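Text of protein.cif, listed as mmCIF, C-alpha atoms:
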```cif
data_entry
#
loop_
_atom_site.label_atom_id
_atom_site.label_comp_id
_atom_site.auth_asym_id
_atom_site.auth_seq_id
_atom_site.Cartn_x
_atom_site.Cartn_y
_atom_site.Cartn_z
CA MET A 1 70.64 -38.65 22.24
CA ALA A 2 72.63 -41.72 21.30
CA GLU A 3 75.50 -39.93 19.62
CA PRO A 4 77.57 -37.97 22.11
CA LYS A 5 79.15 -35.57 19.61
CA ARG A 6 75.85 -34.15 18.42
CA LYS A 7 74.78 -30.79 19.76
CA GLY A 8 71.24 -29.58 20.08
CA CYS A 9 68.05 -31.49 20.53
CA LEU A 10 65.71 -33.49 18.28
CA GLY A 11 68.13 -33.36 15.40
CA CYS A 12 68.46 -29.63 15.01
CA SER A 13 70.67 -27.02 16.64
CA PHE A 14 69.29 -24.89 19.43
CA PRO A 15 68.58 -21.67 17.46
CA VAL A 16 66.64 -23.64 14.84
CA LEU A 17 64.79 -25.52 17.56
CA ILE A 18 63.82 -22.30 19.29
CA ILE A 19 62.59 -20.75 16.04
CA VAL A 20 60.56 -23.87 15.21
CA THR A 21 59.05 -23.94 18.69
CA VAL A 22 58.15 -20.27 18.57
CA VAL A 23 56.53 -20.60 15.15
CA ALA A 24 54.60 -23.70 16.23
CA LEU A 25 53.40 -21.97 19.40
CA ALA A 26 52.42 -18.89 17.41
CA ILE A 27 50.41 -21.01 15.00
CA ILE A 28 48.70 -22.79 17.88
CA VAL A 29 47.79 -19.53 19.64
CA MET A 30 46.71 -17.83 16.41
CA GLY A 31 44.69 -20.84 15.40
CA PHE A 32 42.98 -20.86 18.77
CA LEU A 33 42.18 -17.16 18.48
CA ALA A 34 40.98 -17.47 14.89
CA GLY A 35 38.61 -20.33 15.63
CA PRO A 36 35.14 -20.00 17.09
CA LEU A 37 36.37 -21.04 20.56
CA GLY A 38 38.78 -18.14 20.80
CA LYS A 39 36.34 -15.69 19.22
CA ASN A 40 33.80 -16.50 21.89
CA MET A 41 36.32 -15.98 24.70
CA ILE A 42 38.44 -13.07 23.48
CA GLY A 43 36.17 -11.37 21.02
CA GLU A 44 36.27 -10.67 17.31
CA THR A 45 39.77 -10.82 15.77
CA GLU A 46 39.52 -9.44 12.25
CA TRP A 47 43.25 -9.59 11.50
CA LEU A 48 43.11 -13.38 11.78
CA ASN A 49 40.21 -13.88 9.40
CA TRP A 50 42.51 -15.38 6.77
CA MET A 51 43.01 -18.36 9.06
CA THR A 52 39.42 -19.20 9.80
CA VAL A 53 37.81 -22.20 8.18
CA SER A 54 34.14 -22.08 7.28
CA PRO A 55 31.88 -24.39 9.30
CA PRO A 56 31.43 -27.83 7.76
CA GLU A 57 28.23 -28.64 5.90
CA PRO A 58 28.15 -32.43 5.77
CA HIS A 59 25.78 -34.12 3.38
CA LEU A 60 25.43 -37.85 3.76
CA PRO A 61 24.27 -38.81 0.23
CA ALA A 62 27.18 -38.28 -2.13
CA PRO A 63 26.52 -35.41 -4.54
CA VAL A 64 26.29 -36.24 -8.25
CA LEU A 65 28.97 -34.39 -10.19
CA PHE A 66 28.09 -35.23 -13.79
CA HIS A 67 26.45 -37.90 -15.90
CA VAL A 68 28.16 -40.32 -18.26
CA PHE A 69 25.61 -41.81 -20.68
CA GLY A 70 22.88 -41.23 -18.12
CA LEU A 71 24.88 -42.90 -15.35
CA PRO A 72 25.28 -40.52 -12.42
CA ILE A 73 28.91 -40.17 -11.34
CA THR A 74 29.33 -39.11 -7.73
CA ASN A 75 32.55 -37.95 -6.12
CA THR A 76 32.77 -41.17 -4.10
CA ILE A 77 32.77 -43.23 -7.29
CA ILE A 78 35.76 -41.27 -8.56
CA ALA A 79 37.60 -41.80 -5.28
CA GLY A 80 36.78 -45.51 -5.36
CA TRP A 81 38.19 -45.86 -8.85
CA ILE A 82 41.27 -43.90 -7.84
CA THR A 83 41.79 -46.45 -5.06
CA VAL A 84 41.43 -49.31 -7.52
CA VAL A 85 43.83 -47.73 -10.00
CA PHE A 86 46.28 -47.00 -7.19
CA LEU A 87 46.21 -50.61 -6.04
CA VAL A 88 46.62 -51.95 -9.57
CA VAL A 89 49.52 -49.63 -10.33
CA ILE A 90 51.29 -50.38 -7.08
CA SER A 91 50.84 -54.13 -7.58
CA TRP A 92 52.30 -53.79 -11.06
CA VAL A 93 55.24 -51.75 -9.82
CA VAL A 94 55.94 -54.17 -6.99
CA THR A 95 55.64 -57.38 -8.98
CA ARG A 96 57.34 -56.16 -12.15
CA ARG A 97 60.80 -57.09 -11.00
CA ILE A 98 60.56 -59.56 -8.16
CA LYS A 99 63.91 -60.34 -6.62
CA ILE A 100 64.96 -63.05 -4.26
CA VAL A 101 66.44 -60.42 -1.99
CA PRO A 102 63.56 -57.93 -1.87
CA GLY A 103 63.97 -54.20 -2.22
CA ARG A 104 62.33 -51.78 0.15
CA LEU A 105 58.90 -51.58 -1.53
CA GLN A 106 58.75 -55.29 -2.22
CA ALA A 107 59.72 -56.07 1.37
CA ALA A 108 56.95 -53.82 2.70
CA PHE A 109 54.32 -55.49 0.56
CA GLU A 110 55.65 -58.95 1.29
CA PHE A 111 55.36 -58.16 4.97
CA LEU A 112 51.78 -56.85 4.62
CA LEU A 113 50.52 -59.71 2.47
CA GLY A 114 52.40 -62.29 4.52
CA TRP A 115 50.79 -60.94 7.64
CA ILE A 116 47.28 -61.24 6.17
CA PHE A 117 48.15 -64.70 4.87
CA ASP A 118 49.27 -65.81 8.32
CA LEU A 119 46.04 -64.40 9.76
CA CYS A 120 44.00 -66.45 7.24
CA ASN A 121 46.00 -69.57 8.01
CA SER A 122 45.73 -69.17 11.75
CA ILE A 123 41.96 -68.67 11.71
CA ALA A 124 40.77 -70.84 8.84
CA GLY A 125 43.49 -73.51 8.87
CA GLU A 126 46.15 -74.28 6.26
CA GLU A 127 43.95 -75.58 3.47
CA ASN A 128 41.03 -73.18 3.73
CA GLY A 129 43.21 -70.19 4.55
CA ARG A 130 44.86 -70.44 1.16
CA LYS A 131 41.46 -70.59 -0.54
CA PHE A 132 40.01 -67.62 1.34
CA PHE A 133 43.09 -65.43 1.14
CA PRO A 134 42.37 -63.62 -2.20
CA VAL A 135 38.94 -62.30 -1.23
CA ILE A 136 39.93 -61.44 2.34
CA CYS A 137 43.06 -59.63 1.18
CA THR A 138 41.18 -57.72 -1.51
CA ILE A 139 38.64 -56.45 1.01
CA PHE A 140 41.42 -55.53 3.41
CA LEU A 141 43.48 -53.64 0.85
CA PHE A 142 40.52 -51.80 -0.67
CA VAL A 143 39.14 -50.61 2.66
CA LEU A 144 42.58 -49.74 4.01
CA PHE A 145 43.84 -47.77 1.04
CA ASN A 146 40.48 -46.15 0.51
CA ALA A 147 40.56 -44.82 4.06
CA TRP A 148 44.18 -43.74 3.87
CA LEU A 149 43.96 -42.13 0.44
CA SER A 150 41.06 -39.97 1.60
CA LEU A 151 43.36 -38.39 4.21
CA ILE A 152 45.59 -36.95 1.49
CA PRO A 153 45.16 -33.19 1.02
CA GLY A 154 43.03 -32.61 -2.05
CA PHE A 155 40.28 -34.97 -0.98
CA GLY A 156 37.43 -32.68 -0.04
CA SER A 157 39.30 -29.47 -0.76
CA ILE A 158 39.31 -29.47 -4.58
CA LEU A 159 35.94 -28.18 -5.67
CA PHE A 160 34.07 -29.20 -8.80
CA GLY A 161 31.16 -26.84 -9.26
CA HIS A 162 29.60 -26.57 -5.80
CA HIS A 163 30.80 -29.93 -4.51
CA GLU A 164 34.12 -31.46 -3.64
CA LEU A 165 35.67 -33.48 -6.44
CA LEU A 166 36.89 -36.37 -4.29
CA ARG A 167 35.47 -37.98 -1.18
CA GLY A 168 36.43 -41.28 0.44
CA ALA A 169 34.38 -44.01 -1.24
CA ASN A 170 33.23 -45.56 2.03
CA THR A 171 31.55 -42.35 3.15
CA ASP A 172 28.82 -43.18 0.65
CA ILE A 173 26.62 -45.91 2.08
CA ASN A 174 26.47 -47.77 -1.24
CA THR A 175 30.12 -48.80 -1.24
CA PRO A 176 30.11 -50.48 2.20
CA LEU A 177 26.82 -52.12 1.24
CA ALA A 178 28.40 -53.49 -1.93
CA ILE A 179 31.39 -54.88 -0.02
CA ALA A 180 29.07 -56.35 2.61
CA LEU A 181 27.02 -58.08 -0.11
CA VAL A 182 30.19 -59.47 -1.65
CA SER A 183 31.23 -60.78 1.75
CA PHE A 184 27.75 -62.30 2.30
CA VAL A 185 27.73 -64.07 -1.08
CA PHE A 186 31.29 -65.28 -0.46
CA VAL A 187 30.32 -66.80 2.90
CA GLU A 188 27.18 -68.51 1.58
CA TYR A 189 28.95 -69.78 -1.54
CA TYR A 190 31.71 -71.47 0.39
CA GLY A 191 29.24 -72.84 2.91
CA LEU A 192 27.15 -74.43 0.16
CA LYS A 193 30.19 -75.61 -1.77
CA THR A 194 31.86 -77.28 1.19
CA LEU A 195 28.90 -78.76 3.05
CA GLY A 196 26.51 -79.19 0.12
CA ILE A 197 22.81 -79.22 0.87
CA LYS A 198 23.59 -79.95 4.53
CA TYR A 199 24.57 -76.32 4.90
CA LEU A 200 20.93 -75.29 4.57
CA ARG A 201 20.03 -77.50 7.52
CA LYS A 202 21.43 -74.78 9.72
CA PHE A 203 18.63 -72.46 8.58
CA VAL A 204 15.69 -74.81 8.01
CA ASP A 205 15.87 -77.47 10.68
CA VAL A 206 12.60 -79.41 10.35
CA GLY A 207 13.93 -82.97 10.27
CA ALA A 208 13.79 -83.54 14.03
CA PHE A 209 10.33 -81.99 14.28
CA PHE A 210 8.68 -84.15 11.61
CA GLY A 211 10.51 -87.23 12.84
CA SER A 212 8.90 -86.69 16.24
CA VAL A 213 5.49 -86.16 14.64
CA GLY A 214 5.90 -89.55 13.03
CA LYS A 215 6.85 -91.09 16.37
CA VAL A 216 3.70 -89.66 18.00
CA PHE A 217 1.52 -91.28 15.36
CA LYS A 218 3.36 -94.58 15.70
CA GLY A 219 2.35 -94.67 19.36
CA LYS A 220 5.60 -93.77 21.11
CA ALA A 221 3.85 -90.78 22.65
CA LYS A 222 6.25 -89.96 25.49
CA GLU A 223 9.40 -90.06 23.40
CA GLY A 224 7.66 -88.29 20.52
CA LEU A 225 6.29 -85.40 22.54
CA SER A 226 9.62 -84.46 24.06
CA GLY A 227 11.16 -84.74 20.60
CA LEU A 228 8.39 -82.51 19.29
CA PHE A 229 9.37 -79.78 21.70
CA SER A 230 13.09 -79.88 20.91
CA GLY A 231 12.22 -80.02 17.22
CA ALA A 232 10.20 -76.84 17.54
CA VAL A 233 13.10 -75.19 19.35
CA GLY A 234 15.34 -76.32 16.48
CA ILE A 235 13.07 -74.62 13.93
CA PHE A 236 13.08 -71.46 16.00
CA ILE A 237 16.90 -71.50 16.23
CA GLY A 238 17.08 -71.98 12.47
CA GLY A 239 14.99 -68.85 12.04
CA LEU A 240 17.33 -66.96 14.36
CA GLU A 241 20.35 -68.15 12.36
CA THR A 242 18.77 -66.88 9.15
CA LEU A 243 17.98 -63.56 10.75
CA SER A 244 21.48 -63.12 12.15
CA GLU A 245 22.95 -63.94 8.75
CA LEU A 246 20.92 -61.12 7.21
CA ILE A 247 21.57 -58.67 10.02
CA ARG A 248 25.30 -59.18 9.44
CA ILE A 249 24.97 -57.32 6.13
CA VAL A 250 23.41 -54.33 7.86
CA SER A 251 25.94 -54.26 10.66
CA PHE A 252 28.88 -54.64 8.26
CA THR A 253 27.54 -51.77 6.18
CA PHE A 254 26.85 -49.36 8.98
CA ARG A 255 30.02 -50.10 10.90
CA LEU A 256 32.24 -49.18 7.98
CA PHE A 257 30.06 -46.33 6.73
CA GLY A 258 29.68 -44.85 10.19
CA ASN A 259 33.36 -45.00 11.03
CA MET A 260 34.48 -43.46 7.78
CA THR A 261 31.82 -40.74 7.73
CA ALA A 262 32.30 -39.87 11.38
CA GLY A 263 36.04 -39.66 10.81
CA GLU A 264 35.63 -37.27 7.92
CA ILE A 265 33.17 -35.04 9.75
CA LEU A 266 35.39 -35.14 12.84
CA LEU A 267 38.31 -33.83 10.79
CA LEU A 268 36.18 -31.06 9.32
CA ILE A 269 34.86 -30.01 12.72
CA ALA A 270 38.35 -30.13 14.25
CA ALA A 271 39.63 -27.93 11.44
CA PHE A 272 36.75 -25.55 12.09
CA LEU A 273 37.14 -25.32 15.89
CA ILE A 274 40.86 -24.55 16.01
CA PRO A 275 42.07 -23.99 12.45
CA TRP A 276 45.42 -25.45 11.35
CA VAL A 277 46.13 -27.15 14.68
CA LEU A 278 43.43 -29.40 16.06
CA ALA A 279 43.05 -31.55 12.95
CA LEU A 280 46.61 -32.88 13.22
CA PRO A 281 46.14 -35.35 16.11
CA PHE A 282 42.91 -36.55 14.54
CA TYR A 283 44.76 -37.39 11.34
CA GLY A 284 46.81 -39.85 13.39
CA LEU A 285 43.61 -41.24 14.89
CA GLU A 286 42.10 -41.64 11.42
CA LEU A 287 45.13 -43.61 10.24
CA LEU A 288 44.52 -46.05 13.09
CA VAL A 289 40.76 -46.15 12.48
CA GLY A 290 41.21 -46.92 8.79
CA PHE A 291 43.56 -49.80 9.60
CA VAL A 292 41.34 -51.21 12.34
CA GLN A 293 38.20 -51.00 10.21
CA ALA A 294 39.91 -52.78 7.32
CA LEU A 295 41.11 -55.44 9.74
CA ILE A 296 37.64 -55.84 11.25
CA PHE A 297 35.84 -56.07 7.93
CA SER A 298 38.17 -58.68 6.51
CA GLY A 299 38.66 -60.48 9.83
CA LEU A 300 34.92 -60.83 10.44
CA THR A 301 34.38 -62.11 6.91
CA LEU A 302 37.13 -64.63 7.54
CA VAL A 303 35.59 -65.76 10.83
CA PHE A 304 32.11 -66.06 9.30
CA VAL A 305 33.32 -68.06 6.33
CA THR A 306 35.28 -70.33 8.64
CA MET A 307 32.14 -70.88 10.70
CA ALA A 308 30.17 -71.59 7.52
CA VAL A 309 32.52 -74.28 6.25
CA SER A 310 32.91 -76.12 9.56
CA PRO A 311 30.35 -78.95 9.82
CA HIS A 312 27.72 -78.88 12.57
CA GLU A 313 27.40 -82.64 13.02
CA GLY A 314 28.22 -82.63 16.73
CA GLU A 315 25.45 -80.25 17.75
CA ALA A 316 22.34 -81.74 19.25
CA HIS A 317 19.70 -79.62 17.57
CA MET B 318 10.20 -25.29 23.14
CA ASP B 319 10.68 -24.63 19.46
CA ALA B 320 11.71 -27.19 16.86
CA GLU B 321 15.33 -26.03 16.69
CA ALA B 322 15.92 -26.43 20.42
CA MET B 323 14.19 -29.81 20.37
CA ARG B 324 16.46 -30.97 17.54
CA MET B 325 19.63 -29.91 19.32
CA LEU B 326 18.42 -31.58 22.52
CA ALA B 327 17.66 -34.75 20.60
CA ALA B 328 21.12 -34.75 19.00
CA GLY B 329 22.82 -34.33 22.36
CA LEU B 330 20.73 -37.03 23.97
CA ALA B 331 21.29 -39.40 21.04
CA ILE B 332 25.06 -39.36 21.28
CA GLY B 333 25.13 -39.02 25.06
CA LEU B 334 22.91 -42.00 25.76
CA GLY B 335 24.29 -43.90 22.80
CA ALA B 336 27.84 -43.62 24.13
CA LEU B 337 26.89 -45.02 27.54
CA GLY B 338 26.64 -48.64 26.48
CA PRO B 339 29.83 -48.78 24.41
CA GLY B 340 31.61 -46.92 27.22
CA ILE B 341 30.67 -49.62 29.71
CA GLY B 342 31.56 -52.27 27.13
CA ILE B 343 35.00 -50.82 26.45
CA GLY B 344 35.57 -50.55 30.19
CA ILE B 345 34.80 -54.22 30.68
CA LEU B 346 37.02 -55.10 27.74
CA GLY B 347 39.92 -53.11 29.13
CA TYR B 348 39.40 -54.71 32.53
CA GLY B 349 39.52 -58.17 31.01
CA ALA B 350 42.59 -57.37 28.96
CA MET B 351 44.45 -55.89 31.93
CA GLN B 352 43.67 -58.93 34.05
CA GLY B 353 44.84 -61.23 31.30
CA LEU B 354 47.98 -59.14 30.91
CA ALA B 355 48.72 -59.22 34.64
CA ARG B 356 48.34 -62.99 34.78
CA ASN B 357 50.26 -63.67 31.61
CA PRO B 358 52.52 -60.79 30.54
CA GLU B 359 54.07 -62.83 27.70
CA ALA B 360 50.76 -62.86 25.82
CA ARG B 361 50.89 -59.11 25.35
CA GLY B 362 50.74 -59.15 21.53
CA PRO B 363 47.66 -61.31 20.97
CA ILE B 364 45.81 -59.75 23.91
CA MET B 365 46.49 -56.27 22.55
CA THR B 366 45.32 -57.15 19.02
CA ASN B 367 42.16 -58.87 20.13
CA MET B 368 41.37 -56.13 22.62
CA ILE B 369 41.64 -53.46 19.92
CA LEU B 370 39.45 -55.53 17.61
CA ALA B 371 36.78 -56.00 20.26
CA ILE B 372 36.96 -52.36 21.26
CA ALA B 373 36.39 -51.33 17.66
CA MET B 374 33.28 -53.54 17.64
CA ALA B 375 31.93 -51.82 20.74
CA GLU B 376 32.90 -48.46 19.38
CA ALA B 377 30.92 -49.06 16.20
CA ILE B 378 27.73 -48.89 18.27
CA ALA B 379 28.69 -45.46 19.51
CA ILE B 380 29.37 -44.51 15.90
CA TYR B 381 25.79 -45.43 14.97
CA ALA B 382 24.57 -43.01 17.62
CA LEU B 383 27.04 -40.41 16.40
CA ILE B 384 25.68 -40.66 12.86
CA VAL B 385 22.14 -40.17 14.17
CA ALA B 386 23.30 -37.17 16.17
CA ILE B 387 25.09 -35.66 13.18
CA ILE B 388 22.02 -36.12 11.00
CA LEU B 389 19.86 -34.50 13.67
CA ALA B 390 22.15 -31.58 14.36
CA MET B 391 23.41 -30.69 10.93
CA ILE B 392 21.31 -32.16 8.17
CA ALA B 393 17.71 -32.84 9.18
#
```

If you convert what's in this file into structure tokens, what do you get?
Amino acid sequence: MAEPKRKGCLGCSFPVLIIVTVVALAIIVMGFLAGPLGKNMIGETEWLNWMTVSPPEPHLPAPVLFHVFGLPITNTIIAGWITVVFLVVISWVVTRRIKIVPGRLQAAFEFLLGWIFDLCNSIAGEENGRKFFPVICTIFLFVLFNAWLSLIPGFGSILFGHHELLRGANTDINTPLAIALVSFVFVEYYGLKTLGIKYLRKFVDVGAFFGSVGKVFKGKAKEGLSGLFSGAVGIFIGGLETLSELIRIVSFTFRLFGNMTAGEILLLIAAFLIPWVLALPFYGLELLVGFVQALIFSGLTLVFVTMAVSPHEGEAH
Amino acid sequence: MDAEAMRMLAAGLAIGLGALGPGIGIGILGYGAMQGLARNPEARGPIMTNMILAIAMAEAIAIYALIVAIILAMIA
């Protein structure tokens, strides 16, 4: 302890510390006994039945809660809109009174946004980084706050009919797919806008091939035939580029969906195995996972769009 | 072997085999990062960030297998 005068440990006096430790240990032991692990080892403990959590029943497609004008509203849609409203409200609160010397909330958001802005600048360069920043930052904030909001108690525990009222939006495969499509369109749009029709040459690379065909007919057989071969390789590589561009959507979608869903089910199973205790460390893990997934989604989009806008003149094929 | 046992076996095999590749990948990543760190301790920050990013990429593959295992064991 830094301050010499203070008695006790960890900020509380010794009797309080002992009581807290005893209670925490009691909860850990009782939780272990109440869960299925302890029941298998010790035997049935009826007096602890109030602690047990029922086994999780995960369902991957989000359940439909009700219909609005024939439009099915699932619990993930509600959570997604809550995230959007949360972001809008917090942006309004932060930017309502901007000061030169920032307050605590403003400083936190300035730090976060400045960090993403520096990331954009360092990867895409000064000029492009400024252009890409809004989309990248939106993806980052939505994924991040969506993941973190779904850790708040109430998500998954408030029931509406037979289903939970709220569930993290990215645990429904449609939301990651939508974000992945947005990212795909964003990348292709900037590629086309910056490089023009030359951008498509990356995918359909037939110029070298037909040029060599012409050379063969003009009589320069040796030069033409070797050109023919490299032209065919160029066409094949173009096909691979197209394929990898499309596979990106799938991998974006499943990476985010899988991480979020697995995190949620992991929490449920941890709460089932040792009630009240085991879920706590996994909450910390989920905080990290949400941050890293948001960073990966936006960072990969940033890298792909930077690759799309950089010209390919130097390459031989 | 009845269908239930087969399903449980399939779920276990799915995540067990599916975690092998990412495990090796994360091991190689950690090896590379440690070597980089030992040669150049000042570059701790960027090495750490990029290592975590790359590890999350490798981990995503294990997550695919985990989803398959969860579907097999609990839903299908």

Do a neighbour search on stretch 255-268 of chain A at 6 Å with only C-alpha atoms, toss out local chain neighbours closer than 4 positions, and write the hits as a list in words.
->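 Counting only C-alpha atoms, the residues come to Pro56, Asn170, Thr171, Ile173, Ser251 and Ala279 of chain A; Ala377 and Ile380 of chain B.
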
Return the neighbours of chain A among the residues of chain B, cut-off 8 Å, counting only C-alpha atoms, as a PDB file with C-alpha atoms, keeping the file's coordinate frame.
```
ATOM      1  CA  ILE B 369      41.640 -53.460  19.920  1.00  0.00           C
ATOM      2  CA  LEU B 370      39.450 -55.530  17.610  1.00  0.00           C
ATOM      3  CA  ALA B 373      36.390 -51.330  17.660  1.00  0.00           C
ATOM      4  CA  ALA B 377      30.920 -49.060  16.200  1.00  0.00           C
ATOM      5  CA  ILE B 378      27.730 -48.890  18.270  1.00  0.00           C
ATOM      6  CA  ILE B 380      29.370 -44.510  15.900  1.00  0.00           C
ATOM      7  CA  TYR B 381      25.790 -45.430  14.970  1.00  0.00           C
ATOM      8  CA  LEU B 383      27.040 -40.410  16.400  1.00  0.00           C
ATOM      9  CA  ILE B 384      25.680 -40.660  12.860  1.00  0.00           C
ATOM     10  CA  MET B 391      23.410 -30.690  10.930  1.00  0.00           C
ATOM     11  CA  ILE B 392      21.310 -32.160   8.170  1.00  0.00           C
TER      12      ILE B 392
END
```

Residues in the PyMOL selection byres ((chain B and resi 375) around 9), expressed as a PyMOL selection string = chain B and resi 338-340+342-343+370-374+376-379

Using all atoms of stretch 378-391 of chain B listed in the file and a margin of 5 Å per side, can you give the axis-aligned box centre and edge lengths in Å to one decimal, as JSON?
```
{"center_x": 24.6, "center_y": -39.8, "center_z": 15.2, "size_x": 19.5, "size_y": 28.2, "size_z": 18.6}
```

Distance in Å - atom CA of A:Asn75 versus atom CA of A:Gly161 =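 Here the two named atoms are 11.6 Å from each other.
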
Work out how far atom CA of A:Val84 is from atom CA of A:Tyr189, in Å to one decimal.
->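 Calculated distance between atom CA of A:Tyr189 and atom CA of A:Val84 is 24.7 Å.
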
Residue IDs satisfying the PyMOL selection byres ((chain A and resi 53) around 7), as a list in words |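 Applying the PyMOL selection byres ((chain A and resi 53) around 7) to the structure shown produces Met51, Thr52, Ser54, Pro55, Ala271, Phe272 and Pro275 of chain A.
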
Quick one: distance from atom CA of A:Asp172 to atom CA of A:Ala62 in Å, one decimal?
->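 Pair atom CA of A:Asp172 / atom CA of A:Ala62 returns 5.9 Å.
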
Could you state which residues are captured by the PyMOL selection byres ((chain A and resi 118-131) around 12) in this file, as a ChimeraX atom specification?
-> /A:110-117,132-137,140,186,190-191,194,295,298-310 /B:363,366

Take the selection from the previous step and output its residues with C-alpha atoms, as a PDB file, keeping the file's coordinate frame.
```pdb
ATOM      1  CA  GLU A 110      55.650 -58.950   1.290  1.00  0.00           C
ATOM      2  CA  PHE A 111      55.360 -58.160   4.970  1.00  0.00           C
ATOM      3  CA  LEU A 112      51.780 -56.850   4.620  1.00  0.00           C
ATOM      4  CA  LEU A 113      50.520 -59.710   2.470  1.00  0.00           C
ATOM      5  CA  GLY A 114      52.400 -62.290   4.520  1.00  0.00           C
ATOM      6  CA  TRP A 115      50.790 -60.940   7.640  1.00  0.00           C
ATOM      7  CA  ILE A 116      47.280 -61.240   6.170  1.00  0.00           C
ATOM      8  CA  PHE A 117      48.150 -64.700   4.870  1.00  0.00           C
ATOM      9  CA  PHE A 132      40.010 -67.620   1.340  1.00  0.00           C
ATOM     10  CA  PHE A 133      43.090 -65.430   1.140  1.00  0.00           C
ATOM     11  CA  PRO A 134      42.370 -63.620  -2.200  1.00  0.00           C
ATOM     12  CA  VAL A 135      38.940 -62.300  -1.230  1.00  0.00           C
ATOM     13  CA  ILE A 136      39.930 -61.440   2.340  1.00  0.00           C
ATOM     14  CA  CYS A 137      43.060 -59.630   1.180  1.00  0.00           C
ATOM     15  CA  PHE A 140      41.420 -55.530   3.410  1.00  0.00           C
ATOM     16  CA  PHE A 186      31.290 -65.280  -0.460  1.00  0.00           C
ATOM     17  CA  TYR A 190      31.710 -71.470   0.390  1.00  0.00           C
ATOM     18  CA  GLY A 191      29.240 -72.840   2.910  1.00  0.00           C
ATOM     19  CA  THR A 194      31.860 -77.280   1.190  1.00  0.00           C
ATOM     20  CA  LEU A 295      41.110 -55.440   9.740  1.00  0.00           C
ATOM     21  CA  SER A 298      38.170 -58.680   6.510  1.00  0.00           C
ATOM     22  CA  GLY A 299      38.660 -60.480   9.830  1.00  0.00           C
ATOM     23  CA  LEU A 300      34.920 -60.830  10.440  1.00  0.00           C
ATOM     24  CA  THR A 301      34.380 -62.110   6.910  1.00  0.00           C
ATOM     25  CA  LEU A 302      37.130 -64.630   7.540  1.00  0.00           C
ATOM     26  CA  VAL A 303      35.590 -65.760  10.830  1.00  0.00           C
ATOM     27  CA  PHE A 304      32.110 -66.060   9.300  1.00  0.00           C
ATOM     28  CA  VAL A 305      33.320 -68.060   6.330  1.00  0.00           C
ATOM     29  CA  THR A 306      35.280 -70.330   8.640  1.00  0.00           C
ATOM     30  CA  MET A 307      32.140 -70.880  10.700  1.00  0.00           C
ATOM     31  CA  ALA A 308      30.170 -71.590   7.520  1.00  0.00           C
ATOM     32  CA  VAL A 309      32.520 -74.280   6.250  1.00  0.00           C
ATOM     33  CA  SER A 310      32.910 -76.120   9.560  1.00  0.00           C
TER      34      SER A 310
ATOM     35  CA  PRO B 363      47.660 -61.310  20.970  1.00  0.00           C
ATOM     36  CA  THR B 366      45.320 -57.150  19.020  1.00  0.00           C
TER      37      THR B 366
END
```

Quick one: residues within 12 Å of B:Met351, all atoms listed in the file, excluding same-chain residues fewer than 6 positions away - as a PDB file with C-alpha atoms, in the frame of the given file?
```pdb
ATOM      1  CA  GLY B 344      35.570 -50.550  30.190  1.00  0.00           C
ATOM      2  CA  ILE B 345      34.800 -54.220  30.680  1.00  0.00           C
ATOM      3  CA  ASN B 357      50.260 -63.670  31.610  1.00  0.00           C
ATOM      4  CA  PRO B 358      52.520 -60.790  30.540  1.00  0.00           C
ATOM      5  CA  ALA B 360      50.760 -62.860  25.820  1.00  0.00           C
ATOM      6  CA  ARG B 361      50.890 -59.110  25.350  1.00  0.00           C
ATOM      7  CA  ILE B 364      45.810 -59.750  23.910  1.00  0.00           C
ATOM      8  CA  MET B 365      46.490 -56.270  22.550  1.00  0.00           C
ATOM      9  CA  MET B 368      41.370 -56.130  22.620  1.00  0.00           C
TER      10      MET B 368
END
```

Near B:Arg324, within 8 Å and counting all atoms listed in the file, which residues show up once chain neighbours fewer than 3 positions away are dropped, as a list in words?
->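 In the requested format, the answer is Ala320, Glu321, Ala327, Ala328, Leu389 and Ala390 of chain B.
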
Mind checking which residues fall within 10 Å of A:Glu241, counting all atoms listed in the file, ignoring those fewer than 5 positions away in the same chain, and posting them as a list of chain:residue names?
->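 Contacts, with the query itself left out: A:Lys202, A:Phe203, A:Val204, A:Ile235, A:Phe236, A:Leu246, A:Ile247.
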
Using C-alpha atoms, can you write the selected residues to a file as an mmCIF file, keeping the file's coordinate frame?
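So the final result, stored in result35.cif, reads:
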```
data_model
loop_
_atom_site.group_PDB
_atom_site.id
_atom_site.type_symbol
_atom_site.label_atom_id
_atom_site.label_comp_id
_atom_site.auth_asym_id
_atom_site.auth_seq_id
_atom_site.Cartn_x
_atom_site.Cartn_y
_atom_site.Cartn_z
ATOM 1 C CA LYS A 202 21.430 -74.780 9.720
ATOM 2 C CA PHE A 203 18.630 -72.460 8.580
ATOM 3 C CA VAL A 204 15.690 -74.810 8.010
ATOM 4 C CA ILE A 235 13.070 -74.620 13.930
ATOM 5 C CA PHE A 236 13.080 -71.460 16.000
ATOM 6 C CA LEU A 246 20.920 -61.120 7.210
ATOM 7 C CA ILE A 247 21.570 -58.670 10.020
#
```
